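Undergrad: I'd like to ask some things about the structure below.
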Amino acid sequence: FEAVFNYNSIMNALKKIILLLSIFIITLLILNYLYPLDIQRLNKPKSTLIYDRNGKLLTVKLSSDGYLRIPIRKEEITKDIKKIVLRYEDRYFYKHFGINPLAIIRALYSNITNQHKIGASTITMQVARMMHHKSRTLKQKIIEIFQALQLEFYYSKDKILRLYLNNAPYGGNTEGFASASFRYF
């Protein structure tokens, strides 16, 4: 009798989990259809680089909106760049699906108990935030989470990392890893 009870309760629990996952996936698909991802917001005006005939950089002109934006190409992203950025920003980047639930729980606990304010945004969530530049509210955080899932669905991890490296703010009017490298080093 116990074996049947355990089997039945396990099967009922599995059915509930499958139902909840199905509802979650269907909801995400509907939301994805209603609110398609628009990464064109990340395609901002770039700085103009002027070289001499020998390939030596002569000058850099700010973008039309006044920012220093020098894009980093795929082949320029070395293992060292990945290592530095991922260690500082999101060490589990290649292991999660756009959000890090444990980091969110840790941040919620820390922020609720007022120990000190910490964030839980993954690199993918930061890319989603960079598409909007809106104030940080609970509603906006939920939108970021949804868009992080969309980014992970549509793009490779390396493409998401490149979007991050080309759009991350580095102080003042400097956006992007290559821009910061040029400006500060």
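Residues are referred to by chain and number: the chain letter is A, B, ... according to the order shown in the structure tokens, the number counts from 1 in that chain, and ligands are numbered separately from 1 in the order shown.
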Using DSSP secondary structure from the backbone, list all strand (DSSP E or B) positions within chain A, as a PyMOL selection string.

TA: chain A and resi 48-51+57-61+68-69+169+174-175

Undergrad: Using C-alpha atoms, can you write the selected residues to a file as an mmCIF file, in the first residue's frame?

TA:
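Contents of out.cif, freshly written:
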data_model
loop_
_atom_site.group_PDB
_atom_site.id
_atom_site.type_symbol
_atom_site.label_atom_id
_atom_site.label_comp_id
_atom_site.auth_asym_id
_atom_site.auth_seq_id
_atom_site.Cartn_x
_atom_site.Cartn_y
_atom_site.Cartn_z
ATOM 1 C CA THR A 48 34.218 58.130 -36.367
ATOM 2 C CA LEU A 49 37.810 56.911 -36.425
ATOM 3 C CA ILE A 50 40.149 58.538 -38.919
ATOM 4 C CA TYR A 51 43.339 56.719 -39.926
ATOM 5 C CA LEU A 57 44.852 56.368 -35.874
ATOM 6 C CA LEU A 58 44.865 60.130 -36.382
ATOM 7 C CA THR A 59 41.727 61.241 -34.572
ATOM 8 C CA VAL A 60 38.449 60.088 -33.102
ATOM 9 C CA LYS A 61 35.265 62.109 -33.462
ATOM 10 C CA LEU A 68 32.542 58.058 -27.492
ATOM 11 C CA ARG A 69 31.419 54.732 -28.974
ATOM 12 C CA PRO A 169 28.527 52.713 -19.704
ATOM 13 C CA THR A 174 31.935 56.801 -22.825
ATOM 14 C CA GLU A 175 30.040 53.669 -23.836
#

Undergrad: Set the distance at 8 Å and use only C-alpha atoms: which residues neighbour segment 142-158 of chain A once local chain neighbours fewer than 5 positions away are removed? I'd like the list as a list in words.

TA: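 The neighbour list is Asn32, Leu37, Phe93, Tyr94, Phe97, Gly98, Ile99, Thr124, Met125, Gln126, Val127, Ala128 and Arg129 of chain A.
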
Undergrad: Next, the residues of the selection above should be written as an mmCIF file, in the first residue's frame with all heavy atoms.

TA:
data_model
loop_
_atom_site.group_PDB
_atom_site.id
_atom_site.type_symbol
_atom_site.label_atom_id
_atom_site.label_comp_id
_atom_site.auth_asym_id
_atom_site.auth_seq_id
_atom_site.Cartn_x
_atom_site.Cartn_y
_atom_site.Cartn_z
ATOM 1 N N ASN A 32 6.073 36.828 -25.681
ATOM 2 C CA ASN A 32 7.070 37.050 -26.726
ATOM 3 C C ASN A 32 6.406 37.527 -28.016
ATOM 4 O O ASN A 32 6.938 38.384 -28.718
ATOM 5 C CB ASN A 32 7.872 35.772 -26.968
ATOM 6 C CG ASN A 32 8.995 35.973 -27.943
ATOM 7 O OD1 ASN A 32 9.807 36.873 -27.773
ATOM 8 N ND2 ASN A 32 9.039 35.149 -28.976
ATOM 9 N N LEU A 37 11.126 41.369 -29.042
ATOM 10 C CA LEU A 37 12.396 41.951 -28.632
ATOM 11 C C LEU A 37 12.891 42.909 -29.713
ATOM 12 O O LEU A 37 12.840 42.590 -30.902
ATOM 13 C CB LEU A 37 13.408 40.829 -28.417
ATOM 14 C CG LEU A 37 14.752 41.214 -27.833
ATOM 15 C CD1 LEU A 37 14.589 41.768 -26.418
ATOM 16 C CD2 LEU A 37 15.670 40.005 -27.798
ATOM 17 N N PHE A 93 27.796 33.535 -16.187
ATOM 18 C CA PHE A 93 27.200 33.927 -17.469
ATOM 19 C C PHE A 93 26.958 32.749 -18.396
ATOM 20 O O PHE A 93 25.878 32.617 -18.966
ATOM 21 C CB PHE A 93 28.094 34.966 -18.151
ATOM 22 C CG PHE A 93 27.615 35.406 -19.500
ATOM 23 C CD1 PHE A 93 26.467 36.177 -19.626
ATOM 24 C CD2 PHE A 93 28.303 35.061 -20.649
ATOM 25 C CE1 PHE A 93 26.023 36.594 -20.866
ATOM 26 C CE2 PHE A 93 27.867 35.471 -21.896
ATOM 27 C CZ PHE A 93 26.728 36.238 -21.998
ATOM 28 N N TYR A 94 27.930 31.881 -18.542
ATOM 29 C CA TYR A 94 27.788 30.753 -19.467
ATOM 30 C C TYR A 94 27.016 29.583 -18.851
ATOM 31 O O TYR A 94 26.789 28.583 -19.521
ATOM 32 C CB TYR A 94 29.153 30.278 -19.961
ATOM 33 C CG TYR A 94 29.733 31.208 -21.009
ATOM 34 C CD1 TYR A 94 30.721 32.120 -20.686
ATOM 35 C CD2 TYR A 94 29.264 31.184 -22.317
ATOM 36 C CE1 TYR A 94 31.241 32.976 -21.648
ATOM 37 C CE2 TYR A 94 29.772 32.034 -23.279
ATOM 38 C CZ TYR A 94 30.764 32.934 -22.933
ATOM 39 O OH TYR A 94 31.260 33.782 -23.890
ATOM 40 N N PHE A 97 20.506 30.948 -17.735
ATOM 41 C CA PHE A 97 19.622 31.158 -18.882
ATOM 42 C C PHE A 97 19.150 32.607 -18.973
ATOM 43 O O PHE A 97 18.039 32.886 -19.396
ATOM 44 C CB PHE A 97 18.426 30.202 -18.808
ATOM 45 C CG PHE A 97 17.720 30.219 -17.480
ATOM 46 C CD1 PHE A 97 16.637 31.041 -17.258
ATOM 47 C CD2 PHE A 97 18.167 29.418 -16.439
ATOM 48 C CE1 PHE A 97 15.998 31.073 -16.026
ATOM 49 C CE2 PHE A 97 17.524 29.431 -15.205
ATOM 50 C CZ PHE A 97 16.432 30.267 -15.004
ATOM 51 N N GLY A 98 20.005 33.530 -18.566
ATOM 52 C CA GLY A 98 19.662 34.949 -18.647
ATOM 53 C C GLY A 98 19.389 35.577 -17.305
ATOM 54 O O GLY A 98 19.570 36.770 -17.114
ATOM 55 N N ILE A 99 18.921 34.767 -16.384
ATOM 56 C CA ILE A 99 18.705 35.237 -15.015
ATOM 57 C C ILE A 99 19.378 34.244 -14.075
ATOM 58 O O ILE A 99 19.541 33.083 -14.402
ATOM 59 C CB ILE A 99 17.207 35.394 -14.658
ATOM 60 C CG1 ILE A 99 16.474 34.063 -14.786
ATOM 61 C CG2 ILE A 99 16.543 36.451 -15.515
ATOM 62 C CD1 ILE A 99 15.047 34.093 -14.291
ATOM 63 N N THR A 124 23.123 39.574 -19.210
ATOM 64 C CA THR A 124 21.974 39.580 -20.117
ATOM 65 C C THR A 124 20.910 40.558 -19.634
ATOM 66 O O THR A 124 20.325 41.299 -20.436
ATOM 67 C CB THR A 124 21.385 38.157 -20.238
ATOM 68 O OG1 THR A 124 22.442 37.225 -20.471
ATOM 69 C CG2 THR A 124 20.387 38.071 -21.363
ATOM 70 N N MET A 125 20.655 40.597 -18.331
ATOM 71 C CA MET A 125 19.685 41.552 -17.791
ATOM 72 C C MET A 125 20.176 42.991 -17.966
ATOM 73 O O MET A 125 19.380 43.903 -18.216
ATOM 74 C CB MET A 125 19.414 41.246 -16.316
ATOM 75 C CG MET A 125 18.626 39.963 -16.103
ATOM 76 S SD MET A 125 18.532 39.456 -14.372
ATOM 77 C CE MET A 125 17.499 40.739 -13.699
ATOM 78 N N GLN A 126 21.474 43.201 -17.852
ATOM 79 C CA GLN A 126 22.023 44.541 -18.059
ATOM 80 C C GLN A 126 21.855 44.983 -19.511
ATOM 81 O O GLN A 126 21.562 46.154 -19.782
ATOM 82 C CB GLN A 126 23.490 44.584 -17.644
ATOM 83 C CG GLN A 126 23.672 44.447 -16.137
ATOM 84 C CD GLN A 126 25.123 44.454 -15.740
ATOM 85 O OE1 GLN A 126 25.842 45.387 -16.070
ATOM 86 N NE2 GLN A 126 25.561 43.423 -15.033
ATOM 87 N N VAL A 127 22.022 44.056 -20.438
ATOM 88 C CA VAL A 127 21.788 44.379 -21.852
ATOM 89 C C VAL A 127 20.321 44.777 -22.044
ATOM 90 O O VAL A 127 20.019 45.767 -22.720
ATOM 91 C CB VAL A 127 22.171 43.191 -22.777
ATOM 92 C CG1 VAL A 127 21.694 43.436 -24.209
ATOM 93 C CG2 VAL A 127 23.667 42.943 -22.744
ATOM 94 N N ALA A 128 19.416 44.041 -21.416
ATOM 95 C CA ALA A 128 17.990 44.388 -21.502
ATOM 96 C C ALA A 128 17.741 45.784 -20.932
ATOM 97 O O ALA A 128 16.978 46.562 -21.510
ATOM 98 C CB ALA A 128 17.150 43.340 -20.763
ATOM 99 N N ARG A 129 18.389 46.121 -19.826
ATOM 100 C CA ARG A 129 18.230 47.454 -19.223
ATOM 101 C C ARG A 129 18.763 48.534 -20.158
ATOM 102 O O ARG A 129 18.196 49.621 -20.259
ATOM 103 C CB ARG A 129 18.953 47.536 -17.882
ATOM 104 C CG ARG A 129 18.758 48.888 -17.205
ATOM 105 C CD ARG A 129 19.494 49.069 -15.889
ATOM 106 N NE ARG A 129 19.488 47.905 -15.057
ATOM 107 C CZ ARG A 129 20.604 47.311 -14.600
ATOM 108 N NH1 ARG A 129 21.796 47.776 -14.910
ATOM 109 N NH2 ARG A 129 20.521 46.256 -13.822
#

Undergrad: Could you name the residues that touch Asp90 of chain A at 9 Å or less, counting only C-alpha atoms, but leaving out those on the same chain fewer than 5 positions away, as number ranges by chain?

TA: A: 85, 121-123

Undergrad: Atoms to include: N, CA and C atoms. Write the selected residues as a PDB file, in the first residue's frame.

TA:
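Saved to again04.pdb:
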ATOM      1  N   VAL A  85      35.828  40.599 -17.602  1.00  0.00           N
ATOM      2  CA  VAL A  85      34.448  41.098 -17.537  1.00  0.00           C
ATOM      3  C   VAL A  85      33.546  40.110 -16.811  1.00  0.00           C
ATOM      4  N   SER A 121      21.577  41.556 -11.207  1.00  0.00           N
ATOM      5  CA  SER A 121      21.474  41.569 -12.664  1.00  0.00           C
ATOM      6  C   SER A 121      22.615  40.800 -13.301  1.00  0.00           C
ATOM      7  N   THR A 122      22.241  39.926 -14.205  1.00  0.00           N
ATOM      8  CA  THR A 122      23.225  39.226 -15.014  1.00  0.00           C
ATOM      9  C   THR A 122      23.638  40.154 -16.158  1.00  0.00           C
ATOM     10  N   ILE A 123      24.646  39.767 -16.900  1.00  0.00           N
ATOM     11  CA  ILE A 123      25.033  40.553 -18.072  1.00  0.00           C
ATOM     12  C   ILE A 123      23.853  40.652 -19.038  1.00  0.00           C
TER      13      ILE A 123
END

Undergrad: Which is closer to Lys141 of chain A than all the others in A:Ile104, A:Leu165, A:His116, A:Ala180, using only C-alpha atoms?

TA: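 Among the listed residues, A:Ile104 lies closest to Lys141 of chain A.
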
Undergrad: Apply DSSP to the structure's backbone, then extract all residues of chain A labelled alpha helix (DSSP H) and return them as JSON, numbers by chain.

TA: {"A": [2, 3, 4, 5, 6, 7, 8, 9, 10, 11, 12, 13, 14, 15, 16, 17, 18, 19, 20, 21, 22, 23, 24, 25, 26, 27, 28, 29, 30, 31, 32, 33, 34, 79, 80, 81, 82, 83, 84, 85, 86, 87, 88, 89, 101, 102, 103, 104, 105, 106, 107, 108, 109, 110, 111, 112, 123, 124, 125, 126, 127, 128, 129, 130, 138, 139, 140, 141, 142, 143, 144, 145, 146, 147, 148, 149, 150, 151, 152, 153, 154, 157, 158, 159, 160, 161, 162, 163, 164, 165, 166, 167, 177, 178, 179, 180, 181, 182, 183, 184]}

Undergrad: Deliver the residues from the most recent selection as a file, using C-alpha atoms, as a JSON list (two decimals), in the first residue's frame.

TA:
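Output saved as result00.json:
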[["chain", "number", "residue", "atom", "x", "y", "z"],
["A", 2, "GLU", "CA", 2.83, 2.44, 0.84],
["A", 3, "ALA", "CA", 4.54, 1.78, -2.48],
["A", 4, "VAL", "CA", 1.32, 2.59, -4.37],
["A", 5, "PHE", "CA", 0.75, 5.71, -2.26],
["A", 6, "ASN", "CA", 4.30, 6.93, -2.89],
["A", 7, "TYR", "CA", 4.07, 6.15, -6.59],
["A", 8, "ASN", "CA", 0.71, 7.94, -6.92],
["A", 9, "SER", "CA", 1.86, 10.98, -4.95],
["A", 10, "ILE", "CA", 5.06, 11.20, -6.98],
["A", 11, "MET", "CA", 3.10, 10.95, -10.24],
["A", 12, "ASN", "CA", 0.64, 13.63, -9.07],
["A", 13, "ALA", "CA", 3.50, 15.92, -8.12],
["A", 14, "LEU", "CA", 5.17, 15.36, -11.51],
["A", 15, "LYS", "CA", 1.89, 16.11, -13.31],
["A", 16, "LYS", "CA", 1.56, 19.38, -11.38],
["A", 17, "ILE", "CA", 5.14, 20.35, -12.20],
["A", 18, "ILE", "CA", 4.63, 19.56, -15.89],
["A", 19, "LEU", "CA", 1.39, 21.55, -15.91],
["A", 20, "LEU", "CA", 3.04, 24.57, -14.24],
["A", 21, "LEU", "CA", 6.00, 24.42, -16.63],
["A", 22, "SER", "CA", 3.63, 24.18, -19.60],
["A", 23, "ILE", "CA", 1.65, 27.19, -18.41],
["A", 24, "PHE", "CA", 4.89, 29.12, -17.84],
["A", 25, "ILE", "CA", 6.23, 28.29, -21.32],
["A", 26, "ILE", "CA", 2.93, 29.10, -23.03],
["A", 27, "THR", "CA", 2.76, 32.41, -21.14],
["A", 28, "LEU", "CA", 6.31, 33.25, -22.26],
["A", 29, "LEU", "CA", 5.46, 32.41, -25.88],
["A", 30, "ILE", "CA", 2.35, 34.62, -25.79],
["A", 31, "LEU", "CA", 4.28, 37.49, -24.17],
["A", 32, "ASN", "CA", 7.07, 37.05, -26.73],
["A", 33, "TYR", "CA", 4.50, 37.40, -29.50],
["A", 34, "LEU", "CA", 2.84, 40.44, -27.88],
["A", 79, "LYS", "CA", 39.90, 35.20, -23.55],
["A", 80, "ASP", "CA", 41.42, 37.77, -21.19],
["A", 81, "ILE", "CA", 38.66, 40.31, -21.90],
["A", 82, "LYS", "CA", 36.02, 37.63, -21.29],
["A", 83, "LYS", "CA", 37.75, 36.51, -18.10],
["A", 84, "ILE", "CA", 38.00, 40.04, -16.67],
["A", 85, "VAL", "CA", 34.45, 41.10, -17.54],
["A", 86, "LEU", "CA", 32.80, 37.84, -16.50],
["A", 87, "ARG", "CA", 34.69, 37.65, -13.21],
["A", 88, "TYR", "CA", 33.62, 41.18, -12.31],
["A", 89, "GLU", "CA", 30.09, 41.28, -13.75],
["A", 101, "PRO", "CA", 17.62, 32.88, -9.47],
["A", 102, "LEU", "CA", 20.06, 32.38, -6.57],
["A", 103, "ALA", "CA", 21.49, 35.87, -7.04],
["A", 104, "ILE", "CA", 17.96, 37.31, -7.11],
["A", 105, "ILE", "CA", 17.08, 35.54, -3.84],
["A", 106, "ARG", "CA", 20.35, 36.69, -2.25],
["A", 107, "ALA", "CA", 19.75, 40.29, -3.34],
["A", 108, "LEU", "CA", 16.13, 40.25, -2.15],
["A", 109, "TYR", "CA", 17.18, 38.98, 1.26],
["A", 110, "SER", "CA", 20.00, 41.48, 1.58],
["A", 111, "ASN", "CA", 17.87, 44.40, 0.40],
["A", 112, "ILE", "CA", 14.88, 43.49, 2.60],
["A", 123, "ILE", "CA", 25.03, 40.55, -18.07],
["A", 124, "THR", "CA", 21.97, 39.58, -20.12],
["A", 125, "MET", "CA", 19.69, 41.55, -17.79],
["A", 126, "GLN", "CA", 22.02, 44.54, -18.06],
["A", 127, "VAL", "CA", 21.79, 44.38, -21.85],
["A", 128, "ALA", "CA", 17.99, 44.39, -21.50],
["A", 129, "ARG", "CA", 18.23, 47.45, -19.22],
["A", 130, "MET", "CA", 20.48, 49.24, -21.74],
["A", 138, "LEU", "CA", 10.01, 46.46, -9.72],
["A", 139, "LYS", "CA", 7.98, 46.68, -12.94],
["A", 140, "GLN", "CA", 11.10, 47.54, -14.94],
["A", 141, "LYS", "CA", 13.03, 44.68, -13.29],
["A", 142, "ILE", "CA", 10.29, 42.22, -14.34],
["A", 143, "ILE", "CA", 10.52, 43.57, -17.90],
["A", 144, "GLU", "CA", 14.32, 43.14, -17.79],
["A", 145, "ILE", "CA", 13.92, 39.54, -16.65],
["A", 146, "PHE", "CA", 11.49, 38.79, -19.49],
["A", 147, "GLN", "CA", 13.71, 40.47, -22.06],
["A", 148, "ALA", "CA", 16.75, 38.63, -20.70],
["A", 149, "LEU", "CA", 14.92, 35.38, -21.40],
["A", 150, "GLN", "CA", 14.13, 36.63, -24.90],
["A", 151, "LEU", "CA", 17.77, 37.59, -25.52],
["A", 152, "GLU", "CA", 18.93, 34.16, -24.39],
["A", 153, "PHE", "CA", 16.37, 32.50, -26.67],
["A", 154, "TYR", "CA", 17.30, 34.46, -29.79],
["A", 157, "LYS", "CA", 26.05, 33.91, -25.31],
["A", 158, "ASP", "CA", 28.91, 35.40, -27.34],
["A", 159, "LYS", "CA", 26.52, 37.76, -29.18],
["A", 160, "ILE", "CA", 24.98, 38.87, -25.86],
["A", 161, "LEU", "CA", 28.44, 39.45, -24.40],
["A", 162, "ARG", "CA", 29.38, 41.55, -27.47],
["A", 163, "LEU", "CA", 26.16, 43.60, -27.09],
["A", 164, "TYR", "CA", 27.15, 44.20, -23.48],
["A", 165, "LEU", "CA", 30.76, 45.11, -24.31],
["A", 166, "ASN", "CA", 29.59, 47.60, -26.95],
["A", 167, "ASN", "CA", 26.93, 49.32, -24.83],
["A", 177, "PHE", "CA", 34.68, 48.39, -23.67],
["A", 178, "ALA", "CA", 36.79, 49.50, -26.65],
["A", 179, "SER", "CA", 35.82, 53.13, -26.04],
["A", 180, "ALA", "CA", 36.83, 52.89, -22.38],
["A", 181, "SER", "CA", 40.12, 51.22, -23.33],
["A", 182, "PHE", "CA", 40.84, 54.02, -25.79],
["A", 183, "ARG", "CA", 39.84, 56.81, -23.40],
["A", 184, "TYR", "CA", 41.46, 55.61, -20.19]]

Undergrad: Kindly give the distance, in Å, that separates atom CA of Lys46 of chain A and atom CA of Ser63 of chain A, rounded to a single decimal.

TA: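 It comes out at 5.0 Å.
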
Undergrad: Applying 9 Å and only C-alpha atoms, which residues near Arg41 of chain A remain after dropping the ones on its own chain fewer than 3 positions away? List them as a VMD selection string.

TA: chain A and resid 38 44 130 to 132

Undergrad: Atoms to include: N, CA, C and O atoms. Write the selected residues as a short mmCIF file (atom, residue, chain, number, x, y, z; two decimals), in the first residue's frame.

TA:
data_model
loop_
_atom_site.label_atom_id
_atom_site.label_comp_id
_atom_site.auth_asym_id
_atom_site.auth_seq_id
_atom_site.Cartn_x
_atom_site.Cartn_y
_atom_site.Cartn_z
N ASP A 38 13.36 44.08 -29.31
CA ASP A 38 13.85 45.07 -30.25
C ASP A 38 15.25 45.50 -29.84
O ASP A 38 15.42 46.45 -29.07
N LYS A 44 23.32 52.28 -31.54
CA LYS A 44 23.43 53.73 -31.39
C LYS A 44 24.49 54.26 -32.35
O LYS A 44 25.33 53.51 -32.84
N MET A 130 19.87 48.25 -20.85
CA MET A 130 20.48 49.24 -21.74
C MET A 130 19.58 49.57 -22.93
O MET A 130 19.76 50.60 -23.57
N MET A 131 18.60 48.71 -23.21
CA MET A 131 17.68 48.98 -24.31
C MET A 131 16.67 50.07 -23.95
O MET A 131 16.02 50.61 -24.83
N HIS A 132 16.53 50.39 -22.66
CA HIS A 132 15.46 51.30 -22.24
C HIS A 132 15.91 52.52 -21.47
O HIS A 132 15.30 53.56 -21.58
#

Undergrad: What separation in Å, quoted to one decimal, exists between atom CA of Ile77 of chain A and atom CA of Arg91 of chain A?

TA: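 Those two atoms sit 16.6 Å apart.
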